[in-house]
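Contents: one structure, followed by commentary.
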Amino acid sequence: MFRSRWHYALYFYPMKAEIISIGDELLIGQTINTNAGWMGQQLNLIGAGLERVITISDSRDAILNTLKDCLNRADVVLITGGLGPTKDDITKHTLCEFFHTRLVRNAEVLARVEKFFLKRGRTMLESNRQQADLPEDCTVLPNDFGTASGMWFEKDGKIVVSLPGVPYEMKHLMEMQVIPRLKTRFSLPVIVHRTIMTQGIGESFLAEMISNWETELRNAGLSLAYLPSPGIVKLRITGKGPDKEALEKKTLEFEQRLLPLIEKFHFGFDNDLLETTLGDLLREKKLSLVTAESCTGGYIAHRITSIPGSSDYFLGSVISYSNAVKIEQLGVDSTDLNTHGAVSPEVVEQMAKGVIKKLHARCSIAVSGVAGPDGGSDEKPVGTVWIAVAFDDRVVSRKFLFEQNRERNITRSALTGMMMLRQLILGTI
């Protein structure tokens, strides 16, 4: 199925938006604020300019002061959280105070709440009925997935929208109610994004490699963002203007000029996963894959098998964490282990060939390293990893020095191993 990689809206003038996330649990790190990130993505897709995300406590003063401050700058303020049935959820009452209105029981919302509890066979308390008490002067946004309604306020040409903090309820209201209303009320710019995924090259080296191309891109009125994460660097091209087709054509032209420059490191677009693109290649070539993992402890196999349909090409893995398993299950020479150590090209290449022989596959990824935080030496400090990939009778191994962080070392090892195998199959290494 074709999946479009174009994101845009219509161009006239920007809409300034801010998000207020309410919740003590967010401030103390008990809950990660994924809502704000998702909302920011949706606003960006329609061309709305998100300028601030502010997290505050469940207190009257914090809500009143922050809301007043945001409305001095923004056209639209989106609020999440504080709409539950418990006493500490004070957002509705505080919004009534701010907008000089009062709570009234909404018959339609009450009927919806009653139906919600009846359908689930649960007892309805008075606190649940109070979910139908809503500010008299707001536009109610019906919540089909929960009991807390969304609320849309307008004051002095500004818009305030209050949404529940439960992610799937908030997302439903944003998609079905808020975004369509904003698109009607505001003339929003065309914003086109094209994201190119790379692996195996650092941000600074990548910037140096494409420096001339980037200069030409910016001179053409487009912008480029480097978005690094452990093992991955995304390159996001952005264009803004009045003509969608012209922007698409221009960004596609620059993308096509970029790809030959980074061919060795490029593996996909937008939110493509390396395990998905590797899996697609294995399926296309009718190849089978196995892994031999020491320091990654099965993480490569986990990522590969997280993709639906991976049974088409993935056969299994040997978690050879100990030297005994390397010898007994993968046929690694004990003399090489004693002479060179487990973290060495001699051992990791034997692991790659041994797991192919044992599990009867055509491709393999093998990893052995010092993930940390302990176990390093002057010769092999924490972050030292040897990775070998095999395809039929060809084996390639490389040494990497990653970081001091164990989790990031495991992630980078897995991504690097998958990318190396992809390059081996494609003949770029």
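Going by the structure tokens order, chains are called A, B, ..., each with residues numbered from 1, while ligands are numbered from 1 in the order shown.
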
Hey, what's within 10 Å of region 35-43 of chain A if we count only C-alpha atoms and toss same-chain stuff fewer than 2 positions away? As a short mmCIF file (atom, residue, chain, number, x, y, z; two decimals) with N, CA and C atoms, in the first residue's frame, please?
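Produced file result.cif, reproduced below:
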data_model
loop_
_atom_site.label_atom_id
_atom_site.label_comp_id
_atom_site.auth_asym_id
_atom_site.auth_seq_id
_atom_site.Cartn_x
_atom_site.Cartn_y
_atom_site.Cartn_z
N MET A 15 -0.39 30.56 12.99
CA MET A 15 -1.16 30.53 14.23
C MET A 15 -0.18 30.19 15.35
N ALA A 17 0.61 28.88 18.95
CA ALA A 17 -0.03 28.00 19.94
C ALA A 17 0.93 27.70 21.08
N GLU A 18 0.35 27.48 22.25
CA GLU A 18 1.12 27.01 23.40
C GLU A 18 0.34 25.89 24.08
N ILE A 19 1.07 25.01 24.75
CA ILE A 19 0.46 23.88 25.45
C ILE A 19 0.76 23.99 26.94
N ILE A 20 -0.27 23.82 27.75
CA ILE A 20 -0.10 23.74 29.20
C ILE A 20 -0.42 22.32 29.64
N SER A 21 0.54 21.63 30.20
CA SER A 21 0.33 20.28 30.73
C SER A 21 0.21 20.38 32.24
N ILE A 32 5.71 10.33 32.17
CA ILE A 32 6.38 11.04 31.08
C ILE A 32 5.34 11.78 30.25
N ASN A 33 5.64 13.03 29.93
CA ASN A 33 4.67 13.88 29.22
C ASN A 33 4.69 13.58 27.72
N LEU A 45 1.80 19.41 11.71
CA LEU A 45 1.29 18.86 10.46
C LEU A 45 0.28 19.77 9.78
N ILE A 46 -0.41 20.59 10.57
CA ILE A 46 -1.39 21.50 9.96
C ILE A 46 -0.83 22.91 9.80
N GLY A 47 0.44 23.08 10.10
CA GLY A 47 1.08 24.38 9.90
C GLY A 47 0.94 25.35 11.05
N ALA A 48 0.48 24.86 12.20
CA ALA A 48 0.35 25.73 13.37
C ALA A 48 1.70 25.85 14.07
N GLY A 49 2.03 27.05 14.51
CA GLY A 49 3.31 27.26 15.16
C GLY A 49 3.22 27.06 16.66
N LEU A 50 3.80 25.96 17.16
CA LEU A 50 3.85 25.71 18.60
C LEU A 50 5.11 26.36 19.15
N GLU A 51 4.92 27.31 20.07
CA GLU A 51 6.06 28.09 20.56
C GLU A 51 6.50 27.71 21.97
N ARG A 52 5.59 27.15 22.77
CA ARG A 52 5.98 26.77 24.15
C ARG A 52 5.16 25.58 24.61
N VAL A 53 5.79 24.76 25.45
CA VAL A 53 5.12 23.71 26.21
C VAL A 53 5.47 23.94 27.67
N ILE A 54 4.47 24.13 28.50
CA ILE A 54 4.69 24.47 29.91
C ILE A 54 4.02 23.41 30.78
N THR A 55 4.75 22.89 31.74
CA THR A 55 4.21 21.90 32.67
C THR A 55 4.05 22.55 34.03
N LEU A 78 -3.70 25.16 24.41
CA LEU A 78 -4.24 23.82 24.63
C LEU A 78 -3.80 23.34 26.01
N ILE A 79 -4.78 22.89 26.81
CA ILE A 79 -4.52 22.43 28.17
C ILE A 79 -4.85 20.95 28.25
N THR A 80 -3.98 20.18 28.89
CA THR A 80 -4.30 18.77 29.14
C THR A 80 -4.15 18.49 30.63
N GLY A 81 -5.06 17.64 31.15
CA GLY A 81 -4.97 17.19 32.53
C GLY A 81 -5.91 17.89 33.46
N GLY A 165 -6.31 14.35 30.32
CA GLY A 165 -4.91 13.95 30.25
C GLY A 165 -4.69 12.52 29.82
N VAL A 166 -5.75 11.68 29.84
CA VAL A 166 -5.61 10.29 29.38
C VAL A 166 -5.26 10.31 27.90
N PRO A 167 -4.12 9.75 27.50
CA PRO A 167 -3.64 9.94 26.13
C PRO A 167 -4.63 9.56 25.03
N TYR A 168 -5.27 8.39 25.12
CA TYR A 168 -6.14 8.00 24.01
C TYR A 168 -7.41 8.85 23.97
N MET A 170 -7.41 12.14 24.89
CA MET A 170 -6.93 13.41 24.34
C MET A 170 -6.74 13.31 22.84
N LYS A 171 -6.13 12.22 22.38
CA LYS A 171 -5.87 12.07 20.94
C LYS A 171 -7.17 12.02 20.15
N MET A 174 -8.50 15.57 19.97
CA MET A 174 -7.68 16.38 19.08
C MET A 174 -7.99 16.07 17.62
N GLU A 175 -8.07 14.80 17.29
CA GLU A 175 -8.27 14.40 15.90
C GLU A 175 -9.68 14.68 15.39
N ILE A 179 -8.51 19.68 15.95
CA ILE A 179 -7.81 19.96 14.69
C ILE A 179 -8.78 20.44 13.61
N LEU A 182 -9.69 24.08 14.37
CA LEU A 182 -8.58 25.01 14.15
C LEU A 182 -8.38 25.25 12.66
#

Just want the 7 Å neighbourhood of Ala132 (chain A), counted on only C-alpha atoms, with same-chain residues fewer than 5 positions away dropped. Output as a PyMOL selection string. chain A and resi 105-106+109-110

Using C-alpha atoms, can you write the selected residues to a file as a PDB file, in the first residue's frame?
ATOM      1  CA  ARG A 105     -25.036  20.156  34.590  1.00  0.00           C
ATOM      2  CA  ASN A 106     -25.158  19.236  30.914  1.00  0.00           C
ATOM      3  CA  VAL A 109     -23.098  14.765  28.746  1.00  0.00           C
ATOM      4  CA  LEU A 110     -24.803  13.195  31.779  1.00  0.00           C
TER       5      LEU A 110
END

Using only C-alpha atoms: which of A:Pro345, A:Cys363, A:Met197, A:Lys357 has the shortest distance to Ala388 (chain A):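 Once distances to Ala388 (chain A) are computed over only C-alpha atoms, the minimum belongs to A:Pro345.
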
Min atom-atom distance to Arg362 (chain A) from the set A:Val382, A:Lys285, A:Thr238, A:Phe205, counting only C-alpha atoms, belongs to A:Lys285

Applying 10 Å and only C-alpha atoms, which residues near Glu154 (chain A) remain after dropping the ones on its own chain fewer than 6 positions away? List them as a PyMOL selection string. chain A and resi 76+99+137-139+160-161

Could you find all residues in region 5-251 of chain A that DSSP calls strand (DSSP E) from the backbone, and write them as a PyMOL selection string? chain A and resi 16-22+49-56+76-80+103-105+133-135+139-141+150-155+158-163+190-199+223-229+232-241

Rank A:Leu206, A:Val385, A:Leu330, A:Val290 by their smallest atom-to-atom distance to Ile232 (chain A), using only C-alpha atoms, and report the top residue only. A:Leu206

Per-residue nearest contacts of region 277-341 of chain A to region 260-267 of chain A (12 Å; only C-alpha atoms) as CSV:
residue,atom,partner,partner_atom,distance
A:Thr277,CA,A:Phe267,CA,6.9
A:Leu278,CA,A:Phe267,CA,8.5
A:Gly279,CA,A:Phe267,CA,11.7
A:Asp280,CA,A:Phe267,CA,11.3
A:Leu281,CA,A:Phe267,CA,10.7

Export, as an mmCIF file, in the first residue's frame, the selected residues with N, CA and C atoms.
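And here is the file that came out, selection15.cif:
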data_model
loop_
_atom_site.group_PDB
_atom_site.id
_atom_site.type_symbol
_atom_site.label_atom_id
_atom_site.label_comp_id
_atom_site.auth_asym_id
_atom_site.auth_seq_id
_atom_site.Cartn_x
_atom_site.Cartn_y
_atom_site.Cartn_z
ATOM 1 N N THR A 277 13.310 -2.108 7.379
ATOM 2 C CA THR A 277 13.929 -2.042 6.053
ATOM 3 C C THR A 277 14.855 -3.234 5.809
ATOM 4 N N LEU A 278 15.556 -3.689 6.857
ATOM 5 C CA LEU A 278 16.377 -4.894 6.716
ATOM 6 C C LEU A 278 15.489 -6.093 6.433
ATOM 7 N N GLY A 279 14.391 -6.200 7.161
ATOM 8 C CA GLY A 279 13.466 -7.310 6.932
ATOM 9 C C GLY A 279 12.894 -7.316 5.527
ATOM 10 N N ASP A 280 12.552 -6.145 5.013
ATOM 11 C CA ASP A 280 12.036 -6.054 3.646
ATOM 12 C C ASP A 280 13.077 -6.533 2.636
ATOM 13 N N LEU A 281 14.352 -6.184 2.881
ATOM 14 C CA LEU A 281 15.422 -6.605 1.988
ATOM 15 C C LEU A 281 15.613 -8.122 2.042
#

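Across A:Thr305, A:Asn405, A:Ser397, A:Thr123, the tightest approach to Asp374 (chain A) is made by A:Asn405 when counting only C-alpha atoms.
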
Quick one: which region 211-315 of chain A residues come within 10 Å of region 391-396 of chain A, and what is the nearest atom pair for each with the distance in Å to one decimal, counting only C-alpha atoms, rows ordered by chain and ascending number, as JSON lines?
{"residue": "A:Leu287", "atom": "CA", "partner": "A:Phe391", "partner_atom": "CA", "distance": 9.1}
{"residue": "A:Ser288", "atom": "CA", "partner": "A:Phe391", "partner_atom": "CA", "distance": 9.6}
{"residue": "A:Leu289", "atom": "CA", "partner": "A:Phe391", "partner_atom": "CA", "distance": 9.1}

Quick one: residues within 12 Å of Ala371 (chain A), only C-alpha atoms counted, chain neighbours fewer than 5 positions away excluded, as a PyMOL selection string? chain A and resi 294-297+321+343+376+380-386+400-414

As a ChimeraX atom specification, please: every residue in region 113-349 of chain A that a backbone DSSP assignment puts in helix (DSSP H, G or I). /A:113-120,126-132,167-185,203-209,211-219,244-262,274-285,299-305,310-312,323-330,334-340,345-349
